[in-house]
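Participant: Below is the structure I would like to discuss, written out as structure tokens.
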Amino acid sequence: MITAPPLHRSVAGHGTDQDTLPRAAAHPAIHPRLVVPGSEDGPLGLAAERALGTYDKGRYGTDPALLMDTLEASGLRGRGGAAFPAHIKWRGVAAGDGPRVVVANGEEGEPASFKDRWLLTHRPHLVLDGLLLAARTVGAGRAVVYLSHPLTVAAVRTALAELAEHDAESAARIEIHTVEPTYVAGEESAVCQSVNGGPALPTAKPPRPHECGVDGRPTLVSNVETVAHAAWISRHGADAYRTEGTRTSPGTMLVTLSGACARPGVYEVPLGLTVGSLFAEVGGGLNDGVHGFLMGGWFGGVVGLEGTGTTVCYDAMRAAGSGLGCGAVTALGPDDDPLRVAARIAAWYADESAAQCGVCVNGTKAIRDTFARLADGTGSAADHTRLARWGLTLSGRGACSFLDGAATLARTTTAVYSASFPTS
Ligand SMILES: Cc1cc2nc3c(=O)[nH]c(=O)nc-3n(C[C@H](O)[C@H](O)[C@H](O)COP(=O)(O)O)c2cc1C
């Protein structure tokens with residue numbers, strides 16, 4: 001379950017309501033690749049997608065080596081959070097022995113992100129095309145779409161049925177795997193364990209999925225937005241892809257803007273704008289009194305108002321001590337008391353821990369209880385010191401990176417909002 005709704009106003013009033021989805025728009029200065037005209041309000045059907053070139057193997061479509069080189073030249077980086085160069089990961093799987101498996105990860109457990117839900121419900125054929133492309137490129141016999149939200153499941157089922165009428169062979173290669181929504185269910189080893197019939201919980205590494213994943217085979221787990229960009233690149237080429245974005249973060253990306261701004265929503269934007277210009281140019285402007293941001297969703301921690309000047313590109317974000325993650329940015333306004341916000345997110349971390357590693361169970365609970373004390377006014381200066389220490393010492397612990405998110409929350413909140421903590 002997504003156990004806590006995004007902070008006050010999330011996405012155009014849609015929150016985490018399971019029956020409604022956000023609308024999306026493209027930055028006015030780009031030729032959109034994902035949020036194309038006609039897709040804003042509902043799913044693009046097969047005929048409309050084919051008119052755009054979807055499922056047309058085209059110039060790059062048949063030769064795996066050429067596809068891999070094109071992917072490398074494009075500089076595409078994964079959109080699932082870690083921003084790993086796609087071609088390195090795809091080549092790693094292709095180098096494995098025997099039949100491989102590809103999984104398009106559309107679980108999207110991050111509470112502040114809605115972009116995968118938008119993509120799956122508005123461009124399901126583009127995702128399926130990207131998945132088939134990934135299967136061809138890495139030499140996979142099995143292709144799986146991994147989903148949890150009921151609306152995404154319905155949209156992909158409908159698209160697959162449509163595809164079956166046109167290309168039964170391709171449609172028959174794709175399976176849909178559904179899973180109960182939890183935050184850790186989207187982590188790649190949890191994805192593989194779930195597709196294998198087990199619980200959607202992270203497993204110990206090594207081995208990593210690219211070595212031994214679904215069916216014990218080399219498995220590519222790729223975010224649905226990543227495979228959608230790959231499908232676009234296969235049709236238009238690497239140079240066309242690089243006409244937007246920066247040298248190290250090329251292309252466009254889907255961002256989810258929420259919180260204290262005029263027009264929360266999902267937007268396709270070129271990489272390389274600043275956070276401030278994102279909110280100004282597509283988010284309708286920041287509300288008065290904004291004092292910071294949740295960067296990269298609930299996983300990425302907080303940055304102060306100086307974050308408006310940070311460039312939305314993977315390297316600049318990292319250099320600023322933050323991360324772009326899945327592209328979710330929440331503006332914190334005057335109603336968002338930093339300690340209450342942190343307490344709410346910390347409570348969510350304690351709820352969402354897979355409870356497999358002692359350090360995660362104890363660490364998330366300790367962070368939750370400490371922020372709760374601070375939020376209700378019973379905390380002390382020692383709590384500030386404790387949280388700052390845990391922010392450093394708990395990082396990198398546990399079987400998956402889940403605890404890193406709680407540690408980052410502690411580390412960044414104590415640093416950015418130190419003035420909000422008690423002094424005695
Ligand atoms: C706790 C946790 C949760 C994750 N949830 C998701 C998710 O919901 N969707 C997703 O695409 N990646 C998620 N990831 C990242 C995946 O493990 C994996 O890196 C990603 O699917 C790879 O896609 P990419 O290479 O296209 O970015 C999560 C990672 C962690 C540590």
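By convention in this document, the chains of the structure tokens carry letters A, B, ... by their order, each chain's residues are numbered from 1, and ligands are numbered from 1 in the order they are shown.
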For A:Ala228, work out the shell of residues within 6 Å, counting only C-alpha atoms and skipping chain neighbours fewer than 6 positions away, then give it as a PyMOL selection string.
Facilitator: chain A and resi 126-127+130
Participant: May I have the residues within 9 Å of A:Ala104 as a list of chain:residue names, using only C-alpha atoms and disregarding those fewer than 5 positions away in the same chain?
Facilitator: A:Val127, A:Leu128, A:Gly130, A:Leu131, A:Ala143, A:Val144, A:Val145, A:Tyr146, A:Leu147, A:Leu220, A:Val221, A:Ser222, A:Asn223, A:Val224, A:Glu225, A:Thr226, A:Val227
Participant: Let me see the file: selected residues, C-alpha atoms, as a short mmCIF file (atom, residue, chain, number, x, y, z; two decimals), in the first residue's frame.
Facilitator:
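Dumped to out_15.cif:
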data_model
loop_
_atom_site.label_atom_id
_atom_site.label_comp_id
_atom_site.auth_asym_id
_atom_site.auth_seq_id
_atom_site.Cartn_x
_atom_site.Cartn_y
_atom_site.Cartn_z
CA VAL A 127 6.11 1.11 -23.21
CA LEU A 128 5.29 -2.24 -24.84
CA GLY A 130 10.24 -0.31 -25.68
CA LEU A 131 9.97 -3.62 -23.84
CA ALA A 143 9.34 -10.01 -21.48
CA VAL A 144 7.36 -8.92 -18.44
CA VAL A 145 5.51 -5.71 -17.52
CA TYR A 146 5.57 -5.36 -13.72
CA LEU A 147 2.63 -3.36 -12.34
CA LEU A 220 17.22 -6.57 -17.29
CA VAL A 221 14.94 -4.64 -14.93
CA SER A 222 14.32 -1.26 -16.53
CA ASN A 223 11.95 1.51 -15.58
CA VAL A 224 8.98 1.93 -17.94
CA GLU A 225 10.04 5.49 -18.82
CA THR A 226 13.53 4.25 -19.72
CA VAL A 227 12.19 1.70 -22.21
#
Participant: Can I get the residues of chain A within 6 Å of ligand 1, each with the closest pair of atoms and their distance in Å to one decimal, using only C-alpha atoms and all ligand atoms, sorted chain first then ascending number, as a Markdown table?
Facilitator:
| residue | atom | partner | partner_atom_place_in_ligand_line | distance |
| --- | --- | --- | --- | --- |
| A:Gly78 | CA | ligand 1 | 27 (O) | 3.3 |
| A:Arg79 | CA | ligand 1 | 27 (O) | 4.2 |
| A:Gly80 | CA | ligand 1 | 27 (O) | 3.3 |
| A:Gly81 | CA | ligand 1 | 27 (O) | 5.4 |
| A:Ala82 | CA | ligand 1 | 27 (O) | 5.7 |
| A:Ala83 | CA | ligand 1 | 27 (O) | 5.6 |
| A:Phe84 | CA | ligand 1 | 25 (O) | 5.8 |
| A:Asn105 | CA | ligand 1 | 11 (O) | 4.7 |
| A:Gly106 | CA | ligand 1 | 9 (N) | 5.7 |
| A:Glu107 | CA | ligand 1 | 8 (O) | 4.5 |
| A:Glu108 | CA | ligand 1 | 8 (O) | 3.4 |
| A:Gly109 | CA | ligand 1 | 8 (O) | 4.5 |
| A:Tyr183 | CA | ligand 1 | 3 (C) | 5.5 |
| A:Val184 | CA | ligand 1 | 1 (C) | 4.3 |
| A:Gly186 | CA | ligand 1 | 5 (N) | 3.5 |
| A:Glu187 | CA | ligand 1 | 17 (O) | 3.6 |
| A:Glu188 | CA | ligand 1 | 17 (O) | 3.8 |
| A:Val221 | CA | ligand 1 | 22 (C) | 5.4 |
| A:Ser222 | CA | ligand 1 | 23 (O) | 3.6 |
| A:Asn223 | CA | ligand 1 | 26 (O) | 3.7 |
| A:Thr226 | CA | ligand 1 | 26 (O) | 4.8 |
| A:Cys400 | CA | ligand 1 | 31 (C) | 5.4 |
| A:Ser401 | CA | ligand 1 | 31 (C) | 4.2 |
| A:Phe402 | CA | ligand 1 | 1 (C) | 4.2 |
Participant: Nearest residue to A:Ala47 out of A:Asp167, A:Glu162, A:Glu72, A:Asp369, using only C-alpha atoms?
Facilitator: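 Among A:Asp167, A:Glu162, A:Glu72, A:Asp369, it is A:Glu162 that comes nearest to A:Ala47.
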Participant: So, with only C-alpha atoms as the atoms that count, which of A:Arg50, A:Arg217, A:Arg77, A:Arg157 lies closest to A:Asp315?
Facilitator: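 Between A:Arg50, A:Arg217, A:Arg77, A:Arg157, the residue approaching A:Asp315 most closely is A:Arg77.
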Participant: Report the closest atom pair, with its distance in Å rounded to one decimal, for each residue of stretch 106-141 of chain A that has an atom no farther than 10 Å from stretch 254-262 of chain A; count only C-alpha atoms, sort by chain and then rising residue number, and write it as a tab-separated table.
Facilitator:
residue	atom	partner	partner_atom	distance
A:Ala112	CA	A:Thr256	CA	7.2
A:Ser113	CA	A:Thr256	CA	5.6
A:Phe114	CA	A:Thr256	CA	6.2
A:Lys115	CA	A:Leu254	CA	6.1
A:Asp116	CA	A:Leu254	CA	8.5
A:Trp118	CA	A:Leu254	CA	9.5
A:Leu119	CA	A:Leu254	CA	9.0
Participant: Taking the chain letters and numbering used in this document, name the residues of stretch 210-390 of chain A that DSSP puts in strand (DSSP E), as a ChimeraX atom specification.
Facilitator: /A:219-223,252-259,265-270,292-295,302-304,328-332
Participant: What lies within 10 Å of A:Glu268 using only C-alpha atoms, ignoring chain neighbours under 4 positions off, as a list in words?
Facilitator: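 Surrounding residues, per the criterion: Ala24, Ala25, Ala26, His27, Pro28, Ile30, His31, Pro32, Arg33, Leu34, Val35, Val36, Lys115, Thr252, Met253, Leu254, Val255, Thr256 and Val282 of chain A.
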Participant: May I have the residues within 12 Å of A:Gly53 as a count of residues only, using only C-alpha atoms and disregarding those fewer than 6 positions away in the same chain?
Facilitator: 14
Participant: Quick one: residues within 9 Å of stretch 329-340 of chain A, only C-alpha atoms, excluding same-chain residues fewer than 2 positions away - as a tab-separated table (two decimals) with C-alpha atoms, in the first residue's frame?
Facilitator:
chain	number	residue	atom	x	y	z
A	6	PRO	CA	1.72	13.07	-0.73
A	7	LEU	CA	2.15	16.31	1.14
A	8	HIS	CA	-0.99	18.45	1.19
A	10	SER	CA	0.07	16.57	-4.56
A	112	ALA	CA	5.43	11.88	-4.80
A	113	SER	CA	5.72	10.38	-8.29
A	255	VAL	CA	8.88	15.12	-13.77
A	256	THR	CA	6.15	15.19	-11.15
A	257	LEU	CA	5.82	18.65	-9.56
A	258	SER	CA	3.75	18.93	-6.40
A	259	GLY	CA	3.27	20.94	-3.25
A	260	ALA	CA	3.25	24.73	-3.00
A	261	CYS	CA	2.96	25.69	-6.66
A	264	PRO	CA	1.13	20.58	-9.76
A	275	VAL	CA	14.39	23.71	-10.40
A	279	PHE	CA	8.24	25.56	-11.48
A	286	LEU	CA	5.95	28.78	-6.77
A	287	ASN	CA	3.57	29.99	-4.07
A	288	ASP	CA	4.69	32.76	-1.71
A	289	GLY	CA	6.69	31.55	1.26
A	290	VAL	CA	8.28	28.45	-0.30
A	291	HIS	CA	11.26	27.56	1.88
A	292	GLY	CA	12.60	24.31	0.44
A	293	PHE	CA	12.00	21.21	-1.66
A	294	LEU	CA	11.71	17.48	-1.36
A	295	MET	CA	14.03	16.55	-4.20
A	296	GLY	CA	13.74	13.21	-5.98
A	297	GLY	CA	10.57	12.29	-4.11
A	298	TRP	CA	10.39	11.15	-0.51
A	324	LEU	CA	17.01	13.75	-9.15
A	327	GLY	CA	12.06	13.24	-11.11
A	342	ALA	CA	9.95	15.01	8.25
A	343	ALA	CA	7.88	13.26	10.95
A	344	ARG	CA	5.26	12.29	8.41
A	345	ILE	CA	7.78	10.93	5.93
A	371	PHE	CA	11.04	13.16	14.48
A	372	ALA	CA	7.64	12.51	16.11
A	374	LEU	CA	10.38	16.96	17.64
A	375	ALA	CA	7.15	17.54	15.72
A	376	ASP	CA	4.98	17.48	18.85
A	413	THR	CA	16.59	17.89	7.51
A	417	TYR	CA	16.49	23.15	8.86
A	420	SER	CA	13.90	24.62	13.48
A	421	PHE	CA	15.36	22.22	16.06
Participant: Taking into account only C-alpha atoms, which residue in the set A:Leu403, A:Val303, A:Ala320, A:Leu387 is nearest to A:Gly358?
Facilitator: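 Ranked by minimum distance to A:Gly358, first place goes to A:Leu403.
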Participant: To one decimal place in Å, what is the distance between atom CA of A:Ser395 and atom CA of A:Ala328?
Facilitator: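 Calculated distance between atom CA of A:Ser395 and atom CA of A:Ala328 is 21.3 Å.
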Participant: Let's see if you can do this: from backbone DSSP, list all alpha helix (DSSP H) residues in stretch 271-416 of chain A, as a PyMOL selection string.
Facilitator: chain A and resi 275-281+314-319+338-352+358-375+381-393+402-416
Participant: Expressed in Å to a single decimal, how great is the separation between atom CA of A:Arg173 and atom CA of A:Leu201?
Facilitator: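 Going from atom CA of A:Arg173 over to atom CA of A:Leu201 covers 25.7 Å.
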Participant: Taking 6 positions as the minimum chain separation for residues in the same chain, which residues sit within 6 Å of A:Ala381 when counting only C-alpha atoms? Answer as a ChimeraX atom specification.
Facilitator: /A:422-424
